[in-house]
Amino acid sequence: MERFFIDLTSVKDREQLYDRLTAVLPLPEWCGRNLDALYDAFTGEMHDVRIFFRGASEAEEKLGGYFSMFQTMCEEACEQNLSLEIFFQ
């Protein structure tokens, strides 16, 4: 199983969130910088993958409701794709 570690402690906005994701994760070229595209990539392209997000509480302070929607999308993607695990620390 592949493991990816993403540090969110200094993320200040959505653009920085997507910058971190695209820098670390093997996302397909077609993946846009929005939750729907990430969901499609997570459920269709990610197999035998564990993603660990560090600094979730700091990112939530900066991104507010958008980070909550991001976490919900991740949970739903894991329910759909049983070979994907995502952890928030």
# chains A, B, ... in the order shown; residues from 1 in each chain; ligands from 1

call {"tool": "select_by_dssp", "arguments": {"residues": "chain A", "states": "helix (DSSP H, G or I)", "output": "number ranges by chain"}}
result
A: 14-24, 35-44, 56-63, 65-80

call {"tool": "select_by_dssp", "arguments": {"residues": "chain A", "states": "strand (DSSP E)", "output": "PDB file with all heavy atoms, in the first residue's frame"}}
result
ATOM      1  N   GLU A   2       0.591   2.152  -0.916  1.00  0.00           N
ATOM      2  CA  GLU A   2       1.344   3.409  -0.971  1.00  0.00           C
ATOM      3  C   GLU A   2       0.853   4.348   0.108  1.00  0.00           C
ATOM      4  O   GLU A   2      -0.341   4.425   0.385  1.00  0.00           O
ATOM      5  CB  GLU A   2       1.154   4.094  -2.335  1.00  0.00           C
ATOM      6  CG  GLU A   2       2.095   3.616  -3.405  1.00  0.00           C
ATOM      7  CD  GLU A   2       2.009   4.522  -4.621  1.00  0.00           C
ATOM      8  OE1 GLU A   2       1.070   4.317  -5.405  1.00  0.00           O
ATOM      9  OE2 GLU A   2       2.868   5.411  -4.756  1.00  0.00           O
ATOM     10  N   ARG A   3       1.797   5.077   0.691  1.00  0.00           N
ATOM     11  CA  ARG A   3       1.458   6.055   1.733  1.00  0.00           C
ATOM     12  C   ARG A   3       1.917   7.435   1.295  1.00  0.00           C
ATOM     13  O   ARG A   3       3.026   7.597   0.784  1.00  0.00           O
ATOM     14  CB  ARG A   3       2.142   5.681   3.033  1.00  0.00           C
ATOM     15  CG  ARG A   3       1.592   4.433   3.644  1.00  0.00           C
ATOM     16  CD  ARG A   3       2.187   4.200   5.019  1.00  0.00           C
ATOM     17  NE  ARG A   3       1.491   3.126   5.676  1.00  0.00           N
ATOM     18  CZ  ARG A   3       2.013   1.931   5.871  1.00  0.00           C
ATOM     19  NH1 ARG A   3       3.232   1.669   5.467  1.00  0.00           N
ATOM     20  NH2 ARG A   3       1.308   1.005   6.474  1.00  0.00           N
ATOM     21  N   PHE A   4       1.055   8.414   1.549  1.00  0.00           N
ATOM     22  CA  PHE A   4       1.370   9.801   1.227  1.00  0.00           C
ATOM     23  C   PHE A   4       1.114  10.646   2.466  1.00  0.00           C
ATOM     24  O   PHE A   4       0.092  10.487   3.130  1.00  0.00           O
ATOM     25  CB  PHE A   4       0.515  10.299   0.059  1.00  0.00           C
ATOM     26  CG  PHE A   4       0.725   9.529  -1.205  1.00  0.00           C
ATOM     27  CD1 PHE A   4      -0.111   8.474  -1.536  1.00  0.00           C
ATOM     28  CD2 PHE A   4       1.771   9.842  -2.059  1.00  0.00           C
ATOM     29  CE1 PHE A   4       0.086   7.749  -2.698  1.00  0.00           C
ATOM     30  CE2 PHE A   4       1.977   9.128  -3.218  1.00  0.00           C
ATOM     31  CZ  PHE A   4       1.140   8.079  -3.543  1.00  0.00           C
ATOM     32  N   PHE A   5       2.053  11.537   2.750  1.00  0.00           N
ATOM     33  CA  PHE A   5       1.954  12.415   3.907  1.00  0.00           C
ATOM     34  C   PHE A   5       1.887  13.859   3.423  1.00  0.00           C
ATOM     35  O   PHE A   5       2.761  14.299   2.677  1.00  0.00           O
ATOM     36  CB  PHE A   5       3.164  12.218   4.823  1.00  0.00           C
ATOM     37  CG  PHE A   5       3.252  10.818   5.370  1.00  0.00           C
ATOM     38  CD1 PHE A   5       3.907   9.821   4.658  1.00  0.00           C
ATOM     39  CD2 PHE A   5       2.643  10.496   6.576  1.00  0.00           C
ATOM     40  CE1 PHE A   5       3.979   8.519   5.139  1.00  0.00           C
ATOM     41  CE2 PHE A   5       2.707   9.199   7.065  1.00  0.00           C
ATOM     42  CZ  PHE A   5       3.376   8.205   6.349  1.00  0.00           C
ATOM     43  N   ILE A   6       0.851  14.563   3.849  1.00  0.00           N
ATOM     44  CA  ILE A   6       0.646  15.937   3.402  1.00  0.00           C
ATOM     45  C   ILE A   6       0.497  16.828   4.625  1.00  0.00           C
ATOM     46  O   ILE A   6      -0.394  16.618   5.457  1.00  0.00           O
ATOM     47  CB  ILE A   6      -0.595  16.051   2.491  1.00  0.00           C
ATOM     48  CG1 ILE A   6      -0.419  15.134   1.279  1.00  0.00           C
ATOM     49  CG2 ILE A   6      -0.817  17.496   2.061  1.00  0.00           C
ATOM     50  CD1 ILE A   6      -1.636  15.042   0.382  1.00  0.00           C
ATOM     51  N   ASP A   7       1.372  17.819   4.733  1.00  0.00           N
ATOM     52  CA  ASP A   7       1.364  18.750   5.850  1.00  0.00           C
ATOM     53  C   ASP A   7       0.510  19.966   5.491  1.00  0.00           C
ATOM     54  O   ASP A   7       0.804  20.673   4.528  1.00  0.00           O
ATOM     55  CB  ASP A   7       2.796  19.177   6.170  1.00  0.00           C
ATOM     56  CG  ASP A   7       2.893  20.026   7.412  1.00  0.00           C
ATOM     57  OD1 ASP A   7       1.850  20.337   8.029  1.00  0.00           O
ATOM     58  OD2 ASP A   7       4.019  20.395   7.781  1.00  0.00           O
ATOM     59  N   VAL A  49      -4.063   2.944  -1.425  1.00  0.00           N
ATOM     60  CA  VAL A  49      -3.448   4.216  -1.036  1.00  0.00           C
ATOM     61  C   VAL A  49      -3.922   4.611   0.361  1.00  0.00           C
ATOM     62  O   VAL A  49      -5.099   4.483   0.689  1.00  0.00           O
ATOM     63  CB  VAL A  49      -3.807   5.333  -2.044  1.00  0.00           C
ATOM     64  CG1 VAL A  49      -3.399   6.698  -1.541  1.00  0.00           C
ATOM     65  CG2 VAL A  49      -3.171   5.052  -3.391  1.00  0.00           C
ATOM     66  N   ARG A  50      -2.974   5.095   1.154  1.00  0.00           N
ATOM     67  CA  ARG A  50      -3.267   5.722   2.441  1.00  0.00           C
ATOM     68  C   ARG A  50      -2.731   7.146   2.387  1.00  0.00           C
ATOM     69  O   ARG A  50      -1.584   7.366   2.021  1.00  0.00           O
ATOM     70  CB  ARG A  50      -2.582   4.995   3.587  1.00  0.00           C
ATOM     71  CG  ARG A  50      -3.267   3.744   3.997  1.00  0.00           C
ATOM     72  CD  ARG A  50      -2.651   3.163   5.244  1.00  0.00           C
ATOM     73  NE  ARG A  50      -3.342   1.937   5.578  1.00  0.00           N
ATOM     74  CZ  ARG A  50      -2.827   0.963   6.275  1.00  0.00           C
ATOM     75  NH1 ARG A  50      -1.605   1.072   6.753  1.00  0.00           N
ATOM     76  NH2 ARG A  50      -3.517  -0.118   6.526  1.00  0.00           N
ATOM     77  N   ILE A  51      -3.583   8.085   2.770  1.00  0.00           N
ATOM     78  CA  ILE A  51      -3.191   9.496   2.790  1.00  0.00           C
ATOM     79  C   ILE A  51      -3.301   9.988   4.227  1.00  0.00           C
ATOM     80  O   ILE A  51      -4.348   9.813   4.871  1.00  0.00           O
ATOM     81  CB  ILE A  51      -4.086  10.344   1.871  1.00  0.00           C
ATOM     82  CG1 ILE A  51      -4.069   9.799   0.438  1.00  0.00           C
ATOM     83  CG2 ILE A  51      -3.647  11.811   1.907  1.00  0.00           C
ATOM     84  CD1 ILE A  51      -5.099  10.419  -0.478  1.00  0.00           C
ATOM     85  N   PHE A  52      -2.235  10.599   4.707  1.00  0.00           N
ATOM     86  CA  PHE A  52      -2.196  11.146   6.059  1.00  0.00           C
ATOM     87  C   PHE A  52      -2.067  12.663   5.954  1.00  0.00           C
ATOM     88  O   PHE A  52      -1.088  13.165   5.406  1.00  0.00           O
ATOM     89  CB  PHE A  52      -0.995  10.591   6.831  1.00  0.00           C
ATOM     90  CG  PHE A  52      -1.037   9.097   7.007  1.00  0.00           C
ATOM     91  CD1 PHE A  52      -0.516   8.262   6.043  1.00  0.00           C
ATOM     92  CD2 PHE A  52      -1.603   8.539   8.149  1.00  0.00           C
ATOM     93  CE1 PHE A  52      -0.540   6.882   6.195  1.00  0.00           C
ATOM     94  CE2 PHE A  52      -1.640   7.157   8.310  1.00  0.00           C
ATOM     95  CZ  PHE A  52      -1.110   6.322   7.335  1.00  0.00           C
ATOM     96  N   PHE A  53      -3.057  13.366   6.480  1.00  0.00           N
ATOM     97  CA  PHE A  53      -3.028  14.828   6.517  1.00  0.00           C
ATOM     98  C   PHE A  53      -2.632  15.263   7.919  1.00  0.00           C
ATOM     99  O   PHE A  53      -3.306  14.933   8.890  1.00  0.00           O
ATOM    100  CB  PHE A  53      -4.392  15.419   6.150  1.00  0.00           C
ATOM    101  CG  PHE A  53      -4.765  15.256   4.713  1.00  0.00           C
ATOM    102  CD1 PHE A  53      -5.718  14.337   4.337  1.00  0.00           C
ATOM    103  CD2 PHE A  53      -4.154  16.027   3.738  1.00  0.00           C
ATOM    104  CE1 PHE A  53      -6.077  14.184   3.002  1.00  0.00           C
ATOM    105  CE2 PHE A  53      -4.495  15.892   2.400  1.00  0.00           C
ATOM    106  CZ  PHE A  53      -5.455  14.968   2.034  1.00  0.00           C
ATOM    107  N   ARG A  54      -1.550  15.998   8.008  1.00  0.00           N
ATOM    108  CA  ARG A  54      -1.081  16.546   9.282  1.00  0.00           C
ATOM    109  C   ARG A  54      -1.485  18.017   9.341  1.00  0.00           C
ATOM    110  O   ARG A  54      -1.471  18.708   8.331  1.00  0.00           O
ATOM    111  CB  ARG A  54       0.442  16.424   9.351  1.00  0.00           C
ATOM    112  CG  ARG A  54       1.019  16.926  10.641  1.00  0.00           C
ATOM    113  CD  ARG A  54       2.521  16.665  10.682  1.00  0.00           C
ATOM    114  NE  ARG A  54       3.084  17.522  11.697  1.00  0.00           N
ATOM    115  CZ  ARG A  54       3.851  18.574  11.465  1.00  0.00           C
ATOM    116  NH1 ARG A  54       4.204  18.877  10.237  1.00  0.00           N
ATOM    117  NH2 ARG A  54       4.293  19.308  12.444  1.00  0.00           N
ATOM    118  N   LEU A  84      -8.876   2.880  -0.465  1.00  0.00           N
ATOM    119  CA  LEU A  84      -8.376   4.209  -0.126  1.00  0.00           C
ATOM    120  C   LEU A  84      -8.654   4.471   1.346  1.00  0.00           C
ATOM    121  O   LEU A  84      -9.776   4.260   1.819  1.00  0.00           O
ATOM    122  CB  LEU A  84      -9.069   5.282  -0.977  1.00  0.00           C
ATOM    123  CG  LEU A  84      -8.812   6.743  -0.612  1.00  0.00           C
ATOM    124  CD1 LEU A  84      -7.357   7.123  -0.888  1.00  0.00           C
ATOM    125  CD2 LEU A  84      -9.764   7.647  -1.368  1.00  0.00           C
ATOM    126  N   GLU A  85      -7.631   4.903   2.065  1.00  0.00           N
ATOM    127  CA  GLU A  85      -7.797   5.279   3.461  1.00  0.00           C
ATOM    128  C   GLU A  85      -7.211   6.684   3.640  1.00  0.00           C
ATOM    129  O   GLU A  85      -6.121   6.969   3.150  1.00  0.00           O
ATOM    130  CB  GLU A  85      -7.075   4.316   4.385  1.00  0.00           C
ATOM    131  CG  GLU A  85      -7.642   2.912   4.342  1.00  0.00           C
ATOM    132  CD  GLU A  85      -6.871   1.937   5.221  1.00  0.00           C
ATOM    133  OE1 GLU A  85      -5.772   2.298   5.695  1.00  0.00           O
ATOM    134  OE2 GLU A  85      -7.373   0.838   5.435  1.00  0.00           O
ATOM    135  N   ILE A  86      -7.956   7.539   4.336  1.00  0.00           N
ATOM    136  CA  ILE A  86      -7.511   8.923   4.564  1.00  0.00           C
ATOM    137  C   ILE A  86      -7.627   9.211   6.050  1.00  0.00           C
ATOM    138  O   ILE A  86      -8.661   8.948   6.675  1.00  0.00           O
ATOM    139  CB  ILE A  86      -8.355   9.913   3.744  1.00  0.00           C
ATOM    140  CG1 ILE A  86      -8.219   9.608   2.252  1.00  0.00           C
ATOM    141  CG2 ILE A  86      -7.908  11.347   4.046  1.00  0.00           C
ATOM    142  CD1 ILE A  86      -9.101  10.446   1.348  1.00  0.00           C
ATOM    143  N   PHE A  87      -6.553   9.773   6.596  1.00  0.00           N
ATOM    144  CA  PHE A  87      -6.484  10.088   8.017  1.00  0.00           C
ATOM    145  C   PHE A  87      -6.169  11.557   8.215  1.00  0.00           C
ATOM    146  O   PHE A  87      -5.306  12.105   7.527  1.00  0.00           O
ATOM    147  CB  PHE A  87      -5.402   9.240   8.697  1.00  0.00           C
ATOM    148  CG  PHE A  87      -5.595   7.766   8.518  1.00  0.00           C
ATOM    149  CD1 PHE A  87      -4.984   7.096   7.466  1.00  0.00           C
ATOM    150  CD2 PHE A  87      -6.412   7.047   9.389  1.00  0.00           C
ATOM    151  CE1 PHE A  87      -5.159   5.729   7.294  1.00  0.00           C
ATOM    152  CE2 PHE A  87      -6.589   5.681   9.212  1.00  0.00           C
ATOM    153  CZ  PHE A  87      -5.970   5.019   8.162  1.00  0.00           C
ATOM    154  N   PHE A  88      -6.861  12.170   9.149  1.00  0.00           N
ATOM    155  CA  PHE A  88      -6.612  13.575   9.493  1.00  0.00           C
ATOM    156  C   PHE A  88      -6.041  13.630  10.905  1.00  0.00           C
ATOM    157  O   PHE A  88      -6.628  13.076  11.825  1.00  0.00           O
ATOM    158  CB  PHE A  88      -7.911  14.387   9.411  1.00  0.00           C
ATOM    159  CG  PHE A  88      -8.420  14.565   8.017  1.00  0.00           C
ATOM    160  CD1 PHE A  88      -9.288  13.639   7.463  1.00  0.00           C
ATOM    161  CD2 PHE A  88      -8.018  15.645   7.260  1.00  0.00           C
ATOM    162  CE1 PHE A  88      -9.764  13.791   6.173  1.00  0.00           C
ATOM    163  CE2 PHE A  88      -8.486  15.806   5.956  1.00  0.00           C
ATOM    164  CZ  PHE A  88      -9.353  14.885   5.418  1.00  0.00           C
TER     165      PHE A  88
END

call {"tool": "closest_residue", "arguments": {"among": "A:Gln80, A:Thr9, A:Thr22, A:Gln89", "to": "Tyr39 (chain A)", "atoms": "only C-alpha atoms"}}
result
A:Gln80

call {"tool": "closest_residue", "arguments": {"among": "A:Leu82, A:Met73, A:Leu8, A:Val24", "to": "Met46 (chain A)", "atoms": "only C-alpha atoms"}}
result
A:Leu82

call {"tool": "closest_residue", "arguments": {"among": "A:Ala59, A:Cys74, A:His47, A:Glu79", "to": "Asp13 (chain A)", "atoms": "only C-alpha atoms"}}
result
A:Ala59

call {"tool": "atom_distance", "arguments": {"atom1": "CA of Arg20 (chain A)", "atom2": "CA of Asp36 (chain A)"}}
result
17.2 Å

call {"tool": "atom_distance", "arguments": {"atom1": "CA of Glu45 (chain A)", "atom2": "CA of Val11 (chain A)"}}
result
24.8 Å

call {"tool": "residues_around", "arguments": {"residues": "Arg14 (chain A)", "least_positions_apart": "3", "cutoff": "12 Å", "atoms": "only C-alpha atoms", "output": "PyMOL selection string"}}
result
chain A and resi 8+10-11+17-21+33-35+59-60+62-67+69-70

call {"tool": "write_last_selection", "arguments": {"atoms": "N, CA, C and O atoms", "output": "JSON list (two decimals), in the first residue's frame"}}
result
[["chain", "number", "residue", "atom", "x", "y", "z"],
["A", 8, "LEU", "N", -0.53, 20.18, 6.26],
["A", 8, "LEU", "CA", -1.47, 21.27, 6.00],
["A", 8, "LEU", "C", -1.30, 22.44, 6.97],
["A", 8, "LEU", "O", -2.08, 23.38, 6.93],
["A", 10, "SER", "N", 0.55, 25.05, 7.24],
["A", 10, "SER", "CA", 0.71, 26.43, 6.76],
["A", 10, "SER", "C", -0.22, 26.77, 5.59],
["A", 10, "SER", "O", -0.06, 27.81, 4.96],
["A", 11, "VAL", "N", -1.19, 25.91, 5.31],
["A", 11, "VAL", "CA", -2.15, 26.19, 4.23],
["A", 11, "VAL", "C", -3.07, 27.33, 4.67],
["A", 11, "VAL", "O", -3.67, 27.28, 5.74],
["A", 17, "LEU", "N", -4.13, 24.63, -0.63],
["A", 17, "LEU", "CA", -4.56, 23.25, -0.39],
["A", 17, "LEU", "C", -4.36, 22.43, -1.65],
["A", 17, "LEU", "O", -3.75, 21.35, -1.60],
["A", 18, "TYR", "N", -4.84, 22.92, -2.78],
["A", 18, "TYR", "CA", -4.69, 22.18, -4.03],
["A", 18, "TYR", "C", -3.24, 22.09, -4.47],
["A", 18, "TYR", "O", -2.83, 21.09, -5.07],
["A", 19, "ASP", "N", -2.45, 23.11, -4.18],
["A", 19, "ASP", "CA", -1.02, 23.04, -4.48],
["A", 19, "ASP", "C", -0.37, 21.88, -3.74],
["A", 19, "ASP", "O", 0.43, 21.13, -4.31],
["A", 20, "ARG", "N", -0.71, 21.73, -2.46],
["A", 20, "ARG", "CA", -0.15, 20.63, -1.66],
["A", 20, "ARG", "C", -0.60, 19.28, -2.20],
["A", 20, "ARG", "O", 0.19, 18.35, -2.32],
["A", 21, "LEU", "N", -1.88, 19.18, -2.52],
["A", 21, "LEU", "CA", -2.41, 17.90, -3.02],
["A", 21, "LEU", "C", -1.73, 17.50, -4.32],
["A", 21, "LEU", "O", -1.31, 16.35, -4.47],
["A", 33, "ARG", "N", -9.17, 21.49, -9.86],
["A", 33, "ARG", "CA", -8.91, 21.97, -8.51],
["A", 33, "ARG", "C", -10.23, 22.28, -7.80],
["A", 33, "ARG", "O", -10.51, 23.42, -7.45],
["A", 34, "ASN", "N", -11.03, 21.22, -7.64],
["A", 34, "ASN", "CA", -12.30, 21.34, -6.96],
["A", 34, "ASN", "C", -12.66, 20.00, -6.33],
["A", 34, "ASN", "O", -12.06, 18.97, -6.65],
["A", 35, "LEU", "N", -13.62, 20.01, -5.43],
["A", 35, "LEU", "CA", -13.95, 18.80, -4.68],
["A", 35, "LEU", "C", -14.55, 17.70, -5.55],
["A", 35, "LEU", "O", -14.28, 16.52, -5.33],
["A", 59, "ALA", "N", -5.50, 23.91, 9.33],
["A", 59, "ALA", "CA", -6.12, 24.15, 8.02],
["A", 59, "ALA", "C", -7.60, 24.48, 8.17],
["A", 59, "ALA", "O", -8.12, 25.35, 7.46],
["A", 60, "GLU", "N", -8.27, 23.84, 9.11],
["A", 60, "GLU", "CA", -9.68, 24.12, 9.33],
["A", 60, "GLU", "C", -9.88, 25.56, 9.81],
["A", 60, "GLU", "O", -10.84, 26.22, 9.41],
["A", 62, "LYS", "N", -8.11, 28.12, 8.96],
["A", 62, "LYS", "CA", -7.91, 29.02, 7.82],
["A", 62, "LYS", "C", -8.98, 28.86, 6.74],
["A", 62, "LYS", "O", -9.40, 29.83, 6.13],
["A", 63, "LEU", "N", -9.40, 27.62, 6.50],
["A", 63, "LEU", "CA", -10.32, 27.34, 5.39],
["A", 63, "LEU", "C", -11.78, 27.24, 5.81],
["A", 63, "LEU", "O", -12.67, 27.23, 4.95],
["A", 64, "GLY", "N", -12.02, 27.14, 7.09],
["A", 64, "GLY", "CA", -13.38, 27.11, 7.60],
["A", 64, "GLY", "C", -14.25, 26.03, 7.01],
["A", 64, "GLY", "O", -13.87, 24.86, 6.96],
["A", 65, "GLY", "N", -15.42, 26.42, 6.52],
["A", 65, "GLY", "CA", -16.39, 25.48, 5.99],
["A", 65, "GLY", "C", -15.89, 24.68, 4.81],
["A", 65, "GLY", "O", -16.30, 23.54, 4.60],
["A", 66, "TYR", "N", -14.99, 25.27, 4.02],
["A", 66, "TYR", "CA", -14.48, 24.53, 2.87],
["A", 66, "TYR", "C", -13.69, 23.31, 3.32],
["A", 66, "TYR", "O", -13.77, 22.26, 2.69],
["A", 67, "PHE", "N", -12.95, 23.45, 4.41],
["A", 67, "PHE", "CA", -12.19, 22.30, 4.91],
["A", 67, "PHE", "C", -13.14, 21.21, 5.41],
["A", 67, "PHE", "O", -12.88, 20.03, 5.22],
["A", 69, "MET", "N", -16.08, 20.59, 4.18],
["A", 69, "MET", "CA", -16.57, 19.93, 2.96],
["A", 69, "MET", "C", -15.50, 19.00, 2.38],
["A", 69, "MET", "O", -15.80, 17.92, 1.89],
["A", 70, "PHE", "N", -14.23, 19.42, 2.46],
["A", 70, "PHE", "CA", -13.13, 18.59, 2.00],
["A", 70, "PHE", "C", -13.05, 17.30, 2.81],
["A", 70, "PHE", "O", -12.93, 16.21, 2.24]]

call {"tool": "atom_distance", "arguments": {"atom1": "CA of Glu29 (chain A)", "atom2": "CA of Ala41 (chain A)"}}
result
9.9 Å
